[in-house]
Amino acid sequence: MNRVGKKDETLIEMGLANDGEESNGPLFENLSNTDSELPCNSESLSTTETTLLISDLQGKAGRRYNLFLKQRLRIDKRHQSKDSVFFRDGVRRIDFVLAYVDDPKIEGEKKVERRREFENNLEKAGLELETEDKKESDNGKTYFVKIHAPWEVLITYAEVLSIKMPIKENDIPCTTENPFDWISWPFRLPEIVMHPEPDYFTAPFSKERQELYLIEDENTFFSPSVRNRIVFYILTRCPYGTEEGKKKFGIKRLLNNGTYTAAYPLHDCQYWKRANDPKCENERYTLYREWARFPRFFKEQPLDLIRKYYGERIGIYFAWLGFYTEMLFFAAIVGLICFLYGAFTMNENMSSQEICDSEIGGKIIMCPLCDQKCDYWRLNSTCESSEYSHLFDNVATLFFAIFMGIWVTLFLEFWKRRQARLEYEWDLVDFEEEQQQLQLRPEYEAKCTQKRKNPVTQELEPYLPLTSQAIRFCISGTTVLFWIFLIIASMIAVIVYRLAVYAAFASIMENAQTLQPIQGILTPQLATSVTASCLNFVIIMILNFLYERIAIWITDMEIPRTHLEYENRLTMKMFLFQFVNYYSSCFYVAFFKGKFVGYPGHYTYMFDRWRNEECDPAGCLIELTTQLTIIMAGKQIWGNIQEAIVPWIRNWWGRRKASSSPENLYSRWEQDHDLQNFGALGLFYEYLEMVIQFGFITLFVASFPLAPLLALMNNILEIRVDSWKLTTQFRRPVAAKAHSIGVWQEILNGMAILSVVTNAFIVAFTSDMIPRLVYYYAYSMDPSSPMSGYINDSLSIFQTSDFPDKNRPDINPENFSTCRYRDYRYPPDHERKYAHTMQFWHILAAKMAFIIIMEHVVFIVKFFVAWMIPDVPAEVKAKIKREKYLTQKILHEYELNKLKQKLCENRTTASMEKEVIATEGRVELSEVM
């Protein structure tokens, strides 16, 4: 191992004195003597503590800025490809890049001073900087500050952030191979792509125990993703001065006020070809070739390589998305079978046969669909729409609703097991999300001027007074409620549109002159539903665009204390809004449309003006299917356009001049600068999109068995679109750790429970299954054909002379004396004229009983399945225990050997002997455990 020699050479080079300045060597030598005083938990280190650490480094090392300027002048100006990810010396890796432009305005001088102070403090913290003049840039305006973290900075903050590093290669044997693995061979990727590095036992890094870790080369010991994570941690906590009596710090604030225009880590190479430098990893190229191209859609995802390149947070997202897509395959197969069952039994549906029969449906005269302007119409005019409604409203609907209730439980339970396996494989077992609760947001510390003593740490920390919190929450809650009411108002406006347009369509498409069946399946109900769904989709997109900005604004105004708290608050606001925005129209069609119509002569009106809509004689389920298809498919198409085409157009527009530049003039940092910024909320929107889709295929799946199939096809495309844009169109995100999908897990659990209720109500109240079953078992008069006569039985009779003037059609050329309407009421010659019949109450009781029985059956099965499937596989539990045991044994043996070495150096005191005995006891105890 040449690590010590390299360290000496580096310290000698950095220790060159200049004009009385202190050398760089003592900076880290002193730091190594005080590293035990640093917090070993990354997330518990506040910004104040980090600033003190930086100040401490400054006091021990002194200024090195002039030294670096003179060192740069001595660098050999040999030709170097600007596609390189190294400094001009070709040795020091670029871990981060800051970009800025000259600002000729008045604020320009202030920004220059901020940058000077900020960069000085970065150098005092141990980072090395190299600036590319604007003359070297392609546009001639942008400066690029390249940042390199030397070895001593990396090991210091690796200990501060408790980063786990390898100490020994994993010797736990792999599980026995499945003899049927050959079936999945066409879907597999090469082993070097799936597992780019060996599996190691790991331990949190410690500077005092460097010999314990497998350090073969200091330049490659820390992966680029770990390096950029460490540098970003320093950037977010580095001060840049005092303004208006407040201490200012952090790259985020400098980006917000325009001091810097961009801050990002570099991709390791171009995605379409390998780098010329053999020291580059070319992981981006591998990801593009094996993962980010659509022709590889049938291949598994290289999750370990994704995690290594982008970090655990992005890796866990793609793992979840891939697992969700795999599970959708089974739901899509069952849904397709149910749909095909409806298609094959379409001609056997007695209800549609009676509606289409000219002797039955052709002689049934239906009451007008609107007041005055609409005429009477024949039932067989809805022949084809009733036939197609059988595709979704049949016996298989009930089976599929129950199946999806169980499927969603299996999906969530098996995902927990998959997540537990990833936690072990990615060294996240000991990573607790609560650690992030202790990490204060720099914005919180900057805006909270008051301080109080923390009862745990006994240190002063910023806090937001309770009165200020209450005021901010009131403003936030009022804003959220206002936007929710705005959604409801827009939905009511769409309903009014439906009612107004419905009357127009009915008066045009049904007229008394012909009374002929409408050609095709276009009925007034369907025409209204399609146009209203399209209008509703446009409104949804507009409201989403506006609310996204409002939600971020009010969340910033609340000043959440931690990053986790910020993300959770924003998640709940966005999900609540989108839940109401996307699903409100579906809830209306499923549970309200056609339920409060009244009956001829006593119709129910909205705002005493517009008559409420009626369902098609074949039921409202086909309209719910139409609504669901348009919104779901439209959202997916629009989402893919936003995610793929828009970034590509922006990047093309930004690179249109640079595309003609040769490689040696268009540097790697410039190429990445011209890409789109993924942003801190980039992954949030990806999760939100998929969770909304999850709601479509669970909450309303009883009305549309093909929804899982549409979702499956979309997700196959979604994985490749997300990977393509992340690899080719976006800057490299800063690596971040995450051991789960976070609050989204609870949201999915809540939607899974709600889906059982909604599907039970859809089957009971939206479909015609329960009325048909009641008729089949209680009211059928023909044993040889139990469903014959159902249509006639489900339509009540109304005497046209009882129409009030405002409801009576203007024209009645054939002088119809009666008409039919969809309800269960007594005829006009009965003593209880137009009152509900006993059959109505029987059907209502059957619907309520069905809901209770279905919910209880599905919930019992769900809880039983969840109880039967453990969250963590037994195999993973055993591996975790084995790894903990071996890791403790290695650490204790290391301590024991170190103590024995001290004893051999003539330090055999009684206290040292006791310490050896105690260490041996810990080794024995770990073996017993």
# chains A, B, ... in the order shown; residues from 1 in each chain; ligands from 1

$ residues_around --residues "A:Ala866" --least-positions-apart "6" --cutoff "9 Å" --atoms "only C-alpha atoms" --output "MDAnalysis selection string"
chainID A and resid 409:410 412:413

$ select_by_dssp --residues "stretch 463-685 of chain A" --states "alpha helix (DSSP H)" --output "MDAnalysis selection string"
chainID A and resid 466:509 524:558 563:591 621:640 646:655 668:673 682:685

$ residues_around --residues "A:Ile762" --least-positions-apart "2" --cutoff "10 Å" --atoms "only C-alpha atoms" --output "list in words"
Thr397, Leu398, Ala401, Phe587, Ala590, Phe591, Cys620, Leu621, Leu624, Leu699, Phe700, Val701, Ala702, Ser703, Val757, Thr758, Asn759, Ala760, Ala764, Phe765, Thr766, Ser767, Asp768 and Ile851 of chain A

$ write_last_selection --atoms "N, CA and C atoms" --output "short mmCIF file (atom, residue, chain, number, x, y, z; two decimals), in the first residue's frame"
data_model
loop_
_atom_site.label_atom_id
_atom_site.label_comp_id
_atom_site.auth_asym_id
_atom_site.auth_seq_id
_atom_site.Cartn_x
_atom_site.Cartn_y
_atom_site.Cartn_z
N THR A 397 -66.01 -7.90 -13.32
CA THR A 397 -65.73 -6.65 -12.63
C THR A 397 -65.58 -6.88 -11.14
N LEU A 398 -66.48 -7.65 -10.56
CA LEU A 398 -66.42 -7.96 -9.13
C LEU A 398 -65.15 -8.74 -8.79
N ALA A 401 -62.12 -6.40 -8.95
CA ALA A 401 -62.06 -5.46 -7.83
C ALA A 401 -61.49 -6.15 -6.59
N PHE A 587 -64.66 10.98 -9.08
CA PHE A 587 -65.57 10.75 -7.96
C PHE A 587 -66.97 11.24 -8.30
N ALA A 590 -68.52 8.70 -10.68
CA ALA A 590 -68.72 7.40 -10.04
C ALA A 590 -69.82 7.43 -8.99
N PHE A 591 -69.91 8.49 -8.21
CA PHE A 591 -70.76 8.45 -7.02
C PHE A 591 -71.87 9.49 -6.99
N CYS A 620 -73.80 4.17 -15.66
CA CYS A 620 -72.79 5.24 -15.73
C CYS A 620 -71.38 4.70 -15.81
N LEU A 621 -71.20 3.40 -15.77
CA LEU A 621 -69.85 2.85 -15.71
C LEU A 621 -69.05 3.17 -16.98
N LEU A 624 -67.67 6.61 -16.63
CA LEU A 624 -66.52 6.65 -15.73
C LEU A 624 -65.28 6.10 -16.42
N LEU A 699 -57.96 3.06 -7.16
CA LEU A 699 -59.21 3.65 -6.67
C LEU A 699 -60.38 3.37 -7.60
N PHE A 700 -60.14 3.34 -8.92
CA PHE A 700 -61.25 3.21 -9.88
C PHE A 700 -61.07 2.01 -10.82
N VAL A 701 -60.27 1.05 -10.39
CA VAL A 701 -59.94 -0.04 -11.31
C VAL A 701 -61.13 -0.92 -11.63
N ALA A 702 -62.16 -0.93 -10.77
CA ALA A 702 -63.35 -1.74 -11.05
C ALA A 702 -64.08 -1.26 -12.30
N SER A 703 -63.88 0.00 -12.65
CA SER A 703 -64.55 0.54 -13.83
C SER A 703 -63.73 0.38 -15.11
N VAL A 757 -62.62 0.61 -0.45
CA VAL A 757 -63.91 1.28 -0.24
C VAL A 757 -64.46 1.80 -1.57
N THR A 758 -63.61 2.50 -2.34
CA THR A 758 -64.09 3.09 -3.59
C THR A 758 -64.54 2.02 -4.58
N ASN A 759 -63.81 0.93 -4.70
CA ASN A 759 -64.19 -0.12 -5.64
C ASN A 759 -65.45 -0.84 -5.20
N ALA A 760 -65.64 -0.99 -3.90
CA ALA A 760 -66.88 -1.59 -3.41
C ALA A 760 -68.07 -0.70 -3.76
N ALA A 764 -71.16 -1.42 -6.40
CA ALA A 764 -72.52 -1.39 -5.85
C ALA A 764 -73.38 -0.32 -6.50
N PHE A 765 -72.86 0.90 -6.64
CA PHE A 765 -73.69 2.03 -7.03
C PHE A 765 -73.49 2.50 -8.47
N THR A 766 -72.31 2.26 -9.05
CA THR A 766 -72.07 2.75 -10.40
C THR A 766 -72.40 1.70 -11.45
N SER A 767 -72.03 0.45 -11.19
CA SER A 767 -72.37 -0.61 -12.13
C SER A 767 -73.79 -1.10 -11.88
N ASP A 768 -74.26 -1.92 -12.80
CA ASP A 768 -75.61 -2.48 -12.69
C ASP A 768 -75.59 -3.91 -12.16
N ILE A 851 -71.45 -3.93 -0.01
CA ILE A 851 -70.31 -3.09 0.37
C ILE A 851 -69.69 -3.60 1.67
#

$ select_by_dssp --residues "stretch 232-347 of chain A" --states "strand (DSSP E)" --output "list in words"
Pro239, Tyr240, Gly241, Thr242, Glu243, Lys246, Lys247, Lys248, Phe249, Ala262, Ala263 and Tyr264 of chain A

$ write_last_selection --atoms "N, CA, C and O atoms" --output "PDB file, in the first residue's frame"
ATOM      1  N   PRO A 239     -19.561  29.971   5.037  1.00  0.00           N
ATOM      2  CA  PRO A 239     -20.034  31.365   5.119  1.00  0.00           C
ATOM      3  C   PRO A 239     -19.415  32.223   4.027  1.00  0.00           C
ATOM      4  O   PRO A 239     -18.357  31.905   3.474  1.00  0.00           O
ATOM      5  N   TYR A 240     -20.088  33.319   3.729  1.00  0.00           N
ATOM      6  CA  TYR A 240     -19.548  34.252   2.736  1.00  0.00           C
ATOM      7  C   TYR A 240     -19.669  35.698   3.187  1.00  0.00           C
ATOM      8  O   TYR A 240     -19.540  36.620   2.383  1.00  0.00           O
ATOM      9  N   GLY A 241     -19.913  35.930   4.472  1.00  0.00           N
ATOM     10  CA  GLY A 241     -19.944  37.296   4.964  1.00  0.00           C
ATOM     11  C   GLY A 241     -21.132  37.566   5.851  1.00  0.00           C
ATOM     12  O   GLY A 241     -21.937  36.667   6.160  1.00  0.00           O
ATOM     13  N   THR A 242     -21.224  38.818   6.256  1.00  0.00           N
ATOM     14  CA  THR A 242     -22.320  39.268   7.111  1.00  0.00           C
ATOM     15  C   THR A 242     -23.020  40.433   6.419  1.00  0.00           C
ATOM     16  O   THR A 242     -22.361  41.397   6.008  1.00  0.00           O
ATOM     17  N   GLU A 243     -24.330  40.319   6.276  1.00  0.00           N
ATOM     18  CA  GLU A 243     -25.127  41.357   5.639  1.00  0.00           C
ATOM     19  C   GLU A 243     -26.321  41.673   6.518  1.00  0.00           C
ATOM     20  O   GLU A 243     -27.011  40.762   6.998  1.00  0.00           O
ATOM     21  N   LYS A 246     -26.718  39.926   9.831  1.00  0.00           N
ATOM     22  CA  LYS A 246     -26.945  38.485   9.858  1.00  0.00           C
ATOM     23  C   LYS A 246     -25.815  37.780   9.119  1.00  0.00           C
ATOM     24  O   LYS A 246     -25.348  38.231   8.092  1.00  0.00           O
ATOM     25  N   LYS A 247     -25.427  36.630   9.671  1.00  0.00           N
ATOM     26  CA  LYS A 247     -24.382  35.842   9.045  1.00  0.00           C
ATOM     27  C   LYS A 247     -24.954  35.093   7.855  1.00  0.00           C
ATOM     28  O   LYS A 247     -25.974  34.424   7.959  1.00  0.00           O
ATOM     29  N   LYS A 248     -24.307  35.216   6.722  1.00  0.00           N
ATOM     30  CA  LYS A 248     -24.797  34.589   5.508  1.00  0.00           C
ATOM     31  C   LYS A 248     -23.888  33.416   5.148  1.00  0.00           C
ATOM     32  O   LYS A 248     -22.661  33.508   5.263  1.00  0.00           O
ATOM     33  N   PHE A 249     -24.501  32.329   4.678  1.00  0.00           N
ATOM     34  CA  PHE A 249     -23.698  31.163   4.317  1.00  0.00           C
ATOM     35  C   PHE A 249     -24.488  30.281   3.364  1.00  0.00           C
ATOM     36  O   PHE A 249     -25.706  30.385   3.248  1.00  0.00           O
ATOM     37  N   ALA A 262     -24.754  28.582 -11.366  1.00  0.00           N
ATOM     38  CA  ALA A 262     -24.923  27.129 -11.332  1.00  0.00           C
ATOM     39  C   ALA A 262     -23.890  26.523 -10.397  1.00  0.00           C
ATOM     40  O   ALA A 262     -22.800  27.080 -10.200  1.00  0.00           O
ATOM     41  N   ALA A 263     -24.238  25.364  -9.822  1.00  0.00           N
ATOM     42  CA  ALA A 263     -23.320  24.587  -8.988  1.00  0.00           C
ATOM     43  C   ALA A 263     -23.670  23.124  -9.198  1.00  0.00           C
ATOM     44  O   ALA A 263     -24.814  22.723  -8.954  1.00  0.00           O
ATOM     45  N   TYR A 264     -22.702  22.334  -9.638  1.00  0.00           N
ATOM     46  CA  TYR A 264     -23.022  20.961 -10.016  1.00  0.00           C
ATOM     47  C   TYR A 264     -21.761  20.108 -10.038  1.00  0.00           C
ATOM     48  O   TYR A 264     -20.659  20.616 -10.298  1.00  0.00           O
TER      49      TYR A 264
END

$ residues_around --residues "A:Thr629" --least-positions-apart "6" --cutoff "12 Å" --atoms "only C-alpha atoms" --output "compact mmCIF listing (two decimals) with N, CA and C atoms, in the first residue's frame"
# COMPACT_ATOMS: atom_id res chain seq x y z
N SER A 529 -69.68 13.46 -22.08
CA SER A 529 -68.61 12.94 -21.22
C SER A 529 -67.24 13.15 -21.84
N VAL A 530 -67.11 12.90 -23.15
CA VAL A 530 -65.81 13.05 -23.82
C VAL A 530 -65.36 14.51 -23.82
N SER A 533 -64.55 15.67 -20.27
CA SER A 533 -63.29 15.08 -19.78
C SER A 533 -62.09 15.80 -20.36
N CYS A 534 -62.15 16.14 -21.64
CA CYS A 534 -61.05 16.88 -22.26
C CYS A 534 -60.90 18.27 -21.63
N PHE A 537 -59.42 17.92 -18.21
CA PHE A 537 -57.98 17.63 -18.26
C PHE A 537 -57.18 18.92 -18.47
N CYS A 586 -63.59 12.14 -11.38
CA CYS A 586 -63.90 10.71 -11.38
C CYS A 586 -64.85 10.36 -10.24
N ILE A 622 -69.70 3.15 -18.13
CA ILE A 622 -68.99 3.42 -19.38
C ILE A 622 -68.50 4.87 -19.40
N GLU A 623 -69.26 5.78 -18.78
CA GLU A 623 -68.83 7.18 -18.72
C GLU A 623 -67.66 7.36 -17.77
N LYS A 635 -52.64 12.43 -19.02
CA LYS A 635 -51.61 12.78 -18.06
C LYS A 635 -50.29 12.09 -18.39
N GLN A 636 -50.36 10.81 -18.77
CA GLN A 636 -49.14 10.08 -19.08
C GLN A 636 -48.47 10.62 -20.34
N ILE A 637 -49.27 10.93 -21.35
CA ILE A 637 -48.69 11.47 -22.59
C ILE A 637 -48.07 12.84 -22.34
N GLN A 693 -50.65 7.95 -10.59
CA GLN A 693 -51.00 6.83 -11.46
C GLN A 693 -51.46 5.63 -10.64
N PHE A 696 -55.02 5.93 -9.84
CA PHE A 696 -55.92 5.62 -10.95
C PHE A 696 -56.16 4.12 -11.07
N ILE A 697 -55.11 3.31 -10.91
CA ILE A 697 -55.27 1.87 -11.12
C ILE A 697 -55.77 1.14 -9.89
N PHE A 700 -60.14 3.34 -8.92
CA PHE A 700 -61.25 3.21 -9.88
C PHE A 700 -61.07 2.01 -10.82
N VAL A 701 -60.27 1.05 -10.39
CA VAL A 701 -59.94 -0.04 -11.31
C VAL A 701 -61.13 -0.92 -11.63
N SER A 703 -63.88 0.00 -12.65
CA SER A 703 -64.55 0.54 -13.83
C SER A 703 -63.73 0.38 -15.11
N PHE A 704 -62.45 0.01 -14.96
CA PHE A 704 -61.59 -0.03 -16.14
C PHE A 704 -60.50 -1.08 -15.94
N PRO A 705 -60.77 -2.35 -16.25
CA PRO A 705 -59.77 -3.41 -16.03
C PRO A 705 -58.50 -3.23 -16.85
N LEU A 706 -58.55 -2.40 -17.89
CA LEU A 706 -57.36 -2.20 -18.71
C LEU A 706 -56.42 -1.14 -18.14
N ALA A 707 -56.82 -0.50 -17.02
CA ALA A 707 -55.96 0.53 -16.44
C ALA A 707 -54.58 0.01 -16.06
N PRO A 708 -54.45 -1.17 -15.43
CA PRO A 708 -53.09 -1.67 -15.15
C PRO A 708 -52.27 -1.92 -16.41
N LEU A 709 -52.92 -2.32 -17.50
CA LEU A 709 -52.20 -2.54 -18.76
C LEU A 709 -51.66 -1.22 -19.30
N LEU A 710 -52.49 -0.16 -19.26
CA LEU A 710 -52.02 1.15 -19.69
C LEU A 710 -50.88 1.63 -18.82
N ALA A 711 -51.03 1.42 -17.50
CA ALA A 711 -49.96 1.83 -16.59
C ALA A 711 -48.68 1.04 -16.84

$ residues_around --residues "A:Gly789" --least-positions-apart "3" --cutoff "9 Å" --atoms "only C-alpha atoms" --output "ChimeraX atom specification"
/A:350-351,354,780-782,786,792-794

$ closest_residue --among "A:Arg417, A:Lys135, A:His563, A:Lys737" --to "A:Arg441" --atoms "only C-alpha atoms"
A:His563

$ closest_atom_pairs --of "stretch 749-858 of chain A" --to "stretch 356-380 of chain A" --cutoff "9 Å" --atoms "only C-alpha atoms" --output "JSON lines"
{"residue": "A:Ile791", "atom": "CA", "partner": "A:Gly361", "partner_atom": "CA", "distance": 8.6}
{"residue": "A:Asn792", "atom": "CA", "partner": "A:Ile360", "partner_atom": "CA", "distance": 8.4}
{"residue": "A:Phe798", "atom": "CA", "partner": "A:Cys367", "partner_atom": "CA", "distance": 8.0}
{"residue": "A:Thr800", "atom": "CA", "partner": "A:Cys367", "partner_atom": "CA", "distance": 8.5}
{"residue": "A:Asp805", "atom": "CA", "partner": "A:Gln372", "partner_atom": "CA", "distance": 8.3}
{"residue": "A:Lys806", "atom": "CA", "partner": "A:Asp371", "partner_atom": "CA", "distance": 6.5}
{"residue": "A:Asn807", "atom": "CA", "partner": "A:Asp371", "partner_atom": "CA", "distance": 4.5}
{"residue": "A:Arg808", "atom": "CA", "partner": "A:Gln372", "partner_atom": "CA", "distance": 5.4}
{"residue": "A:Pro809", "atom": "CA", "partner": "A:Gln372", "partner_atom": "CA", "distance": 4.0}
{"residue": "A:Asp810", "atom": "CA", "partner": "A:Gln372", "partner_atom": "CA", "distance": 5.2}
{"residue": "A:Ile811", "atom": "CA", "partner": "A:Asp375", "partner_atom": "CA", "distance": 6.9}
{"residue": "A:Asn812", "atom": "CA", "partner": "A:Asp375", "partner_atom": "CA", "distance": 7.3}
{"residue": "A:Phe816", "atom": "CA", "partner": "A:Ile365", "partner_atom": "CA", "distance": 8.2}
{"residue": "A:Thr818", "atom": "CA", "partner": "A:Ile365", "partner_atom": "CA", "distance": 7.7}
{"residue": "A:Cys819", "atom": "CA", "partner": "A:Cys367", "partner_atom": "CA", "distance": 5.0}
{"residue": "A:Arg820", "atom": "CA", "partner": "A:Met366", "partner_atom": "CA", "distance": 4.6}
{"residue": "A:Tyr821", "atom": "CA", "partner": "A:Cys367", "partner_atom": "CA", "distance": 6.0}
{"residue": "A:Arg822", "atom": "CA", "partner": "A:Met366", "partner_atom": "CA", "distance": 8.9}

$ write_last_selection --atoms "C-alpha atoms" --output "mmCIF file, in the first residue's frame"
data_model
loop_
_atom_site.group_PDB
_atom_site.id
_atom_site.type_symbol
_atom_site.label_atom_id
_atom_site.label_comp_id
_atom_site.auth_asym_id
_atom_site.auth_seq_id
_atom_site.Cartn_x
_atom_site.Cartn_y
_atom_site.Cartn_z
ATOM 1 C CA ILE A 791 -84.661 -3.741 -18.976
ATOM 2 C CA ASN A 792 -88.423 -3.359 -18.873
ATOM 3 C CA PHE A 798 -94.462 8.339 -16.536
ATOM 4 C CA THR A 800 -96.739 12.742 -20.273
ATOM 5 C CA ASP A 805 -94.876 23.373 -18.607
ATOM 6 C CA LYS A 806 -91.173 23.930 -17.940
ATOM 7 C CA ASN A 807 -90.420 20.213 -18.527
ATOM 8 C CA ARG A 808 -92.868 19.393 -21.347
ATOM 9 C CA PRO A 809 -91.240 19.093 -24.813
ATOM 10 C CA ASP A 810 -92.187 21.795 -27.274
ATOM 11 C CA ILE A 811 -92.998 19.165 -29.920
ATOM 12 C CA ASN A 812 -94.810 15.836 -29.545
ATOM 13 C CA PHE A 816 -97.020 9.856 -26.812
ATOM 14 C CA THR A 818 -96.388 7.748 -21.606
ATOM 15 C CA CYS A 819 -92.628 7.605 -21.525
ATOM 16 C CA ARG A 820 -90.103 5.574 -19.576
ATOM 17 C CA TYR A 821 -87.286 6.638 -17.251
ATOM 18 C CA ARG A 822 -84.590 4.809 -15.306
#

$ closest_residue --among "A:Val496, A:Met838, A:Val193, A:Ile753" --to "A:Leu303" --atoms "only C-alpha atoms"
A:Val193

$ closest_residue --among "A:Pro166, A:Glu191, A:Lys595, A:Gly250" --to "A:Gln210" --atoms "only C-alpha atoms"
A:Pro166

$ residues_around --residues "A:Trp415" --least-positions-apart "4" --cutoff "9 Å" --atoms "only C-alpha atoms" --output "list in words"
Trp320, Phe323, Tyr324, Leu410, Phe411, Gln419, Ala420 and Asp871 of chain A

$ residues_around --residues "A:Phe859" --least-positions-apart "4" --cutoff "9 Å" --atoms "only C-alpha atoms" --output "PyMOL selection string"
chain A and resi 405-406+753+756+854-855+863-864

$ write_last_selection --atoms "N, CA, C and O atoms" --output "mmCIF file, in the first residue's frame"
data_model
loop_
_atom_site.group_PDB
_atom_site.id
_atom_site.type_symbol
_atom_site.label_atom_id
_atom_site.label_comp_id
_atom_site.auth_asym_id
_atom_site.auth_seq_id
_atom_site.Cartn_x
_atom_site.Cartn_y
_atom_site.Cartn_z
ATOM 1 N N GLY A 405 -57.708 -5.526 -4.733
ATOM 2 C CA GLY A 405 -57.570 -5.263 -3.311
ATOM 3 C C GLY A 405 -56.492 -6.130 -2.678
ATOM 4 O O GLY A 405 -55.760 -5.686 -1.781
ATOM 5 N N ILE A 406 -56.382 -7.377 -3.141
ATOM 6 C CA ILE A 406 -55.342 -8.276 -2.640
ATOM 7 C C ILE A 406 -54.002 -7.960 -3.300
ATOM 8 O O ILE A 406 -52.945 -8.002 -2.655
ATOM 9 N N ILE A 753 -55.917 1.249 1.225
ATOM 10 C CA ILE A 753 -57.108 1.056 2.062
ATOM 11 C C ILE A 753 -58.313 1.742 1.431
ATOM 12 O O ILE A 753 -59.413 1.182 1.373
ATOM 13 N N VAL A 756 -60.152 -0.090 -1.541
ATOM 14 C CA VAL A 756 -61.138 -1.140 -1.234
ATOM 15 C C VAL A 756 -62.524 -0.530 -1.116
ATOM 16 O O VAL A 756 -63.512 -1.060 -1.649
ATOM 17 N N MET A 854 -68.020 -7.136 1.020
ATOM 18 C CA MET A 854 -66.803 -7.054 0.205
ATOM 19 C C MET A 854 -65.674 -6.396 0.977
ATOM 20 O O MET A 854 -64.523 -6.876 0.955
ATOM 21 N N GLU A 855 -65.954 -5.299 1.666
ATOM 22 C CA GLU A 855 -64.910 -4.619 2.423
ATOM 23 C C GLU A 855 -64.316 -5.537 3.486
ATOM 24 O O GLU A 855 -63.089 -5.643 3.624
ATOM 25 N N PHE A 863 -55.116 -8.110 5.653
ATOM 26 C CA PHE A 863 -54.381 -8.163 6.907
ATOM 27 C C PHE A 863 -53.746 -9.534 7.128
ATOM 28 O O PHE A 863 -52.659 -9.642 7.690
ATOM 29 N N PHE A 864 -54.403 -10.587 6.667
ATOM 30 C CA PHE A 864 -53.839 -11.916 6.807
ATOM 31 C C PHE A 864 -52.587 -12.056 5.941
ATOM 32 O O PHE A 864 -51.567 -12.595 6.384
#

$ atom_distance --atom1 "atom CA of A:Thr479" --atom2 "atom CA of A:Tyr582"
18.9 Å
